[in-house]
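Participant: Got structure-v8.cif for you, mmCIF, C-alpha atoms:
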```cif
data_target
#
loop_
_atom_site.label_atom_id
_atom_site.label_comp_id
_atom_site.auth_asym_id
_atom_site.auth_seq_id
_atom_site.Cartn_x
_atom_site.Cartn_y
_atom_site.Cartn_z
CA MET I 1 -82.33 183.39 153.44
CA ALA I 2 -79.54 181.99 151.27
CA MET I 3 -77.96 184.19 148.63
CA ASN I 4 -77.94 182.60 145.21
CA ARG I 5 -74.92 182.71 142.92
CA ARG I 6 -76.39 185.46 140.69
CA ASP I 7 -76.91 187.74 143.71
CA ALA I 8 -73.39 187.00 144.92
CA LEU I 9 -71.96 187.86 141.50
CA LYS I 10 -73.94 191.11 141.40
CA SER I 11 -72.56 192.05 144.82
CA VAL I 12 -68.98 191.37 143.77
CA VAL I 13 -69.41 193.29 140.51
CA LEU I 14 -70.88 196.27 142.38
CA MET I 15 -67.93 196.22 144.78
CA MET I 16 -65.56 196.20 141.81
CA GLY I 17 -67.33 199.31 140.55
CA GLY I 18 -68.82 197.50 137.58
CA THR I 19 -65.45 197.59 135.80
CA MET I 20 -65.38 193.89 134.95
CA VAL I 21 -66.10 192.79 131.38
CA GLY I 22 -69.65 191.43 131.32
CA ALA I 23 -70.68 193.53 134.32
CA ASN I 24 -73.69 195.00 132.52
CA ALA I 25 -75.16 191.56 131.85
CA ILE I 26 -74.64 190.49 135.46
CA LEU I 27 -76.13 193.65 136.93
CA THR I 28 -79.18 193.75 134.65
CA GLY I 29 -79.70 190.02 134.31
CA CYS I 30 -79.95 190.46 130.53
CA THR I 31 -77.98 188.46 128.00
CA PRO I 32 -76.08 190.65 125.54
CA GLU I 33 -77.97 191.05 122.26
CA LYS I 34 -75.08 190.18 119.97
CA GLN I 35 -72.98 187.13 120.77
CA ILE I 36 -71.04 184.53 118.79
CA GLU I 37 -73.52 181.84 117.81
CA GLY I 38 -72.44 178.31 118.62
CA LEU I 39 -69.51 179.41 120.77
CA ASP I 40 -68.34 176.32 122.55
CA PHE I 41 -65.23 175.25 124.41
CA SER I 42 -63.74 171.75 124.24
CA PRO I 43 -62.80 169.79 127.38
CA GLU I 44 -59.15 170.50 126.48
CA GLU I 45 -59.82 174.26 126.39
CA ILE I 46 -61.60 174.08 129.76
CA ALA I 47 -58.60 172.17 131.17
CA PHE I 48 -56.35 174.92 129.74
CA LEU I 49 -58.45 177.56 131.53
CA ASP I 50 -58.24 175.48 134.74
CA GLU I 51 -54.44 175.54 134.52
CA ILE I 52 -54.34 179.30 133.82
CA GLY I 53 -56.60 179.86 136.84
CA GLU I 54 -54.44 177.56 138.98
CA THR I 55 -51.37 179.57 137.99
CA ILE I 56 -53.11 182.81 139.01
CA ILE I 57 -54.47 181.37 142.30
CA PRO I 58 -52.35 178.30 143.08
CA THR I 59 -52.97 175.67 145.71
CA THR I 60 -51.25 176.59 148.97
CA ASP I 61 -52.65 175.78 152.40
CA THR I 62 -56.05 176.23 150.71
CA PRO I 63 -57.23 174.73 147.42
CA GLY I 64 -56.40 176.70 144.29
CA ALA I 65 -58.62 177.92 141.46
CA LYS I 66 -58.56 174.57 139.66
CA ALA I 67 -60.34 172.93 142.61
CA THR I 68 -63.29 175.28 142.10
CA GLY I 69 -63.76 174.28 138.46
CA ILE I 70 -62.61 177.72 137.36
CA GLY I 71 -62.38 176.74 133.68
CA ALA I 72 -66.07 175.83 133.51
CA PHE I 73 -66.92 179.04 135.38
CA MET I 74 -64.96 181.16 132.88
CA VAL I 75 -66.68 179.43 129.96
CA MET I 76 -70.11 180.06 131.48
CA MET I 77 -69.33 183.73 132.06
CA VAL I 78 -67.88 184.28 128.57
CA LYS I 79 -70.82 182.53 126.90
CA ASP I 80 -73.54 184.17 129.03
CA THR I 81 -72.32 187.70 129.77
CA TYR I 82 -69.81 188.76 127.11
CA TRP I 83 -70.70 190.64 123.93
CA GLU I 84 -69.53 189.26 120.59
CA ASP I 85 -66.42 191.47 120.41
CA GLN I 86 -65.47 190.55 124.00
CA GLN I 87 -65.97 186.85 123.27
CA LYS I 88 -63.77 187.15 120.19
CA GLU I 89 -61.08 188.99 122.16
CA PHE I 90 -61.18 186.29 124.87
CA VAL I 91 -60.93 183.37 122.41
CA ASP I 92 -58.23 185.11 120.34
CA GLY I 93 -56.39 185.90 123.57
CA LEU I 94 -56.38 182.25 124.65
CA ASN I 95 -54.94 181.30 121.26
CA SER I 96 -52.35 184.07 121.58
CA LEU I 97 -51.41 182.95 125.10
CA ARG I 98 -51.04 179.35 123.96
CA SER I 99 -48.90 180.18 120.90
CA GLY I 100 -46.90 182.95 122.63
CA PHE I 101 -46.04 180.65 125.52
CA LYS I 102 -44.90 177.88 123.18
CA GLU I 103 -42.84 180.34 121.15
CA GLU I 104 -41.16 181.90 124.18
CA VAL I 105 -40.76 178.91 126.48
CA GLY I 106 -40.41 176.20 123.85
CA LYS I 107 -43.10 173.87 125.14
CA ASP I 108 -46.85 173.65 125.55
CA PHE I 109 -48.38 175.52 128.52
CA MET I 110 -50.00 172.31 129.75
CA LYS I 111 -46.62 170.54 129.92
CA ALA I 112 -44.71 173.40 131.53
CA SER I 113 -43.75 173.72 135.17
CA GLN I 114 -45.62 175.98 137.57
CA GLU I 115 -42.59 178.30 137.66
CA GLU I 116 -42.50 178.64 133.86
CA ARG I 117 -46.22 179.33 133.74
CA THR I 118 -46.03 181.89 136.55
CA GLU I 119 -43.10 183.71 134.96
CA TYR I 120 -44.88 183.97 131.61
CA LEU I 121 -48.19 185.13 133.13
CA ASN I 122 -46.34 187.70 135.23
CA LYS I 123 -44.88 189.15 132.01
CA LEU I 124 -48.37 189.38 130.51
CA ASN I 125 -49.67 190.95 133.71
CA SER I 126 -46.97 193.63 133.72
CA THR I 127 -48.19 194.91 130.34
CA ALA I 128 -51.93 194.15 130.65
CA ASN I 129 -52.83 197.73 131.55
CA ASP I 130 -50.70 199.29 128.81
CA GLU I 131 -52.56 200.79 125.86
CA ASN I 132 -51.39 198.00 123.54
CA GLY I 133 -51.18 195.33 126.25
CA PRO I 134 -53.04 192.03 126.24
CA LYS I 135 -56.58 193.02 127.32
CA TYR I 136 -57.63 189.38 127.41
CA PHE I 137 -55.31 188.81 130.34
CA LYS I 138 -57.30 191.24 132.48
CA MET I 139 -60.39 189.21 131.56
CA LEU I 140 -58.67 186.01 132.68
CA LYS I 141 -57.60 187.56 135.99
CA ASP I 142 -61.03 189.09 136.68
CA LEU I 143 -62.82 185.84 135.93
CA THR I 144 -60.39 183.83 138.05
CA VAL I 145 -60.72 186.10 141.08
CA LEU I 146 -64.50 186.40 140.73
CA GLY I 147 -65.02 182.67 140.23
CA TYR I 148 -62.69 181.66 143.02
CA PHE I 149 -63.93 183.99 145.75
CA THR I 150 -67.61 183.42 144.95
CA SER I 151 -67.16 179.64 145.02
CA GLU I 152 -67.78 177.59 148.13
CA ILE I 153 -64.08 176.77 148.39
CA GLY I 154 -62.98 180.39 148.04
CA ALA I 155 -65.58 181.77 150.43
CA THR I 156 -65.23 179.12 153.13
CA GLN I 157 -61.59 178.06 152.95
CA ALA I 158 -59.64 181.01 151.57
CA LEU I 159 -61.72 183.64 153.36
CA ASN I 160 -63.04 183.80 156.91
CA TYR I 161 -66.65 182.72 156.45
CA VAL I 162 -69.41 183.40 158.97
CA GLU I 163 -72.53 181.57 157.78
CA VAL I 164 -75.02 183.54 159.83
CA PRO I 165 -74.07 187.08 160.77
CA GLY I 166 -73.64 187.47 164.49
CA LYS I 167 -73.54 190.55 166.64
CA TRP I 168 -72.25 193.84 165.28
CA GLU I 169 -68.56 194.22 165.91
CA PRO I 170 -67.35 197.54 164.47
CA CYS I 171 -63.70 196.86 165.27
CA ILE I 172 -62.10 193.45 165.04
CA ASP I 173 -58.43 193.03 165.88
CA TYR I 174 -56.38 191.94 162.90
CA ASN I 175 -53.44 189.69 163.42
CA LYS I 176 -50.90 189.18 160.66
CA GLY I 177 -51.98 186.19 158.58
CA ASP I 178 -55.70 186.41 159.45
CA LYS I 179 -58.03 185.71 156.56
CA ALA I 180 -60.25 188.45 155.15
CA TYR I 181 -63.96 187.97 155.75
CA ALA I 182 -66.19 186.55 153.00
CA ILE I 183 -69.23 188.54 151.98
#
```
Represent the structure from my file as C-alpha cells, please.
Facilitator:
Amino acid sequence: MAMNRRDALKSVVLMMGGTMVGANAILTGCTPEKQIEGLDFSPEEIAFLDEIGETIIPTTDTPGAKATGIGAFMVMMVKDTYWEDQQKEFVDGLNSLRSGFKEEVGKDFMKASQEERTEYLNKLNSTANDENGPKYFKMLKDLTVLGYFTSEIGATQALNYVEVPGKWEPCIDYNKGDKAYAI
C-alpha cells in the first residue's frame, strides 16, 4: 500500500514532536477556522520562495530544494494549514527578508550570489530562536526541510530509499558519507 502525501506529512510532523507551525491542521486534517481570505502568492513570490529554499538546501551531488518545487509547497502549506496570525507573520516576514536583504547587501535577493544569500540567511538563522528574533525564518526552514524530504527527489535521491521494506536488520553498519534512510 502506498503512503499518500498527507500521511507522510503527518508522520514527519509527529517525528518533529508537532512543533512545526501548522502541525495541528496536518495532524487533525482540519483547516484552521480563521485564515486570511483571498491570500494568494504571485509567480514572482513563489520564485522568491524557491530561491530561499535553494539557499537553505542547495544543489550539490543531489538536486536542491528548488528542484522539488519548494516555493509552491510552501504556499500550499501556508494557505492550507496556517492560522491567520501565522499567515500574516509569514507574509510580513517575506517582505522583511526582501527589504532587509536589499538594505544590508545593496541588491535584490533574486540578483544576489549564492554566497551573499547564504551569509544573510545564516545571520537570520543565528537569531531565529532569540526572543525577538525573526520567527518567520523558522517557518521558512521548517517548510523547506519538510517539503524537501517528503518530496520524491528528497526521499529517493538525498536519502537512502527502500521502496518495499525488506528483512529486519536491527544493526546496519554506517560508513562515513552514507545517506540516512527515508521513511
Participant: What is the distance, in Å and to one decimal place, between CA of Thr55 in chain I and CA of Lys123 in chain I?
Facilitator: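 Computing the Euclidean distance for CA of Thr55 in chain I and CA of Lys123 in chain I yields 13.0 Å.
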Participant: Rounded to one decimal in Å, what is the spacing between CA of Ser96 in chain I and CA of Lys141 in chain I?
Facilitator: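 We find that CA of Ser96 in chain I and CA of Lys141 in chain I lie 15.7 Å from each other.
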Participant: Starting from the shown file, work through the PyMOL selection byres ((chain I and resi 66) around 10) and note down what comes out as a compact mmCIF listing (two decimals) with C-alpha atoms, keeping the file's coordinate frame.
Facilitator:
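Ended up saving to result-v6.txt:
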```
# COMPACT_ATOMS: atom_id res chain seq x y z
CA ALA I 47 -58.60 172.17 131.17
CA LEU I 49 -58.45 177.56 131.53
CA ASP I 50 -58.24 175.48 134.74
CA GLU I 51 -54.44 175.54 134.52
CA ILE I 52 -54.34 179.30 133.82
CA GLY I 53 -56.60 179.86 136.84
CA GLU I 54 -54.44 177.56 138.98
CA THR I 55 -51.37 179.57 137.99
CA ILE I 56 -53.11 182.81 139.01
CA ILE I 57 -54.47 181.37 142.30
CA PRO I 58 -52.35 178.30 143.08
CA THR I 59 -52.97 175.67 145.71
CA PRO I 63 -57.23 174.73 147.42
CA GLY I 64 -56.40 176.70 144.29
CA ALA I 65 -58.62 177.92 141.46
CA ALA I 67 -60.34 172.93 142.61
CA THR I 68 -63.29 175.28 142.10
CA GLY I 69 -63.76 174.28 138.46
CA ILE I 70 -62.61 177.72 137.36
CA GLY I 71 -62.38 176.74 133.68
CA ALA I 72 -66.07 175.83 133.51
CA THR I 144 -60.39 183.83 138.05
CA TYR I 148 -62.69 181.66 143.02
```
Participant: Let me make sure I understand: among I:Leu146, I:Tyr120, I:Phe73, I:Phe90, which one has the smallest atom-to-atom distance to Gly106 in chain I if we use all atoms listed in the file?
Facilitator: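 Answer, going by the shortest atom-to-atom distance: I:Tyr120.
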Participant: Hey, what's within 6 Å of range 152-169 of chain I if we count all atoms listed in the file and toss same-chain stuff fewer than 4 positions away? As a PyMOL selection string, please?
Facilitator: chain I and resi 148+179-182
Participant: Written as an MDAnalysis selection string, what is the full residue list that the PyMOL selection byres ((chain I and resi 135-138) around 12) yields on the file shown?
Facilitator: chainID I and resid 19:21 49 52:53 56 78 85:97 120:134 139:146
Participant: Which of these residues is nearest to Val75 in chain I, using all atoms listed in the file: I:Glu103, I:Glu37, I:Asp108, I:Pro43?
Facilitator: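 Closest residue, counting all atoms listed in the file: I:Pro43.
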Participant: So the first atom is CA of Glu116 in chain I and the second is CA of Phe101 in chain I; what is the distance between them in Å, to one decimal place?
Facilitator: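 If I compute the distance from CA of Glu116 in chain I to CA of Phe101 in chain I, I get 9.3 Å.
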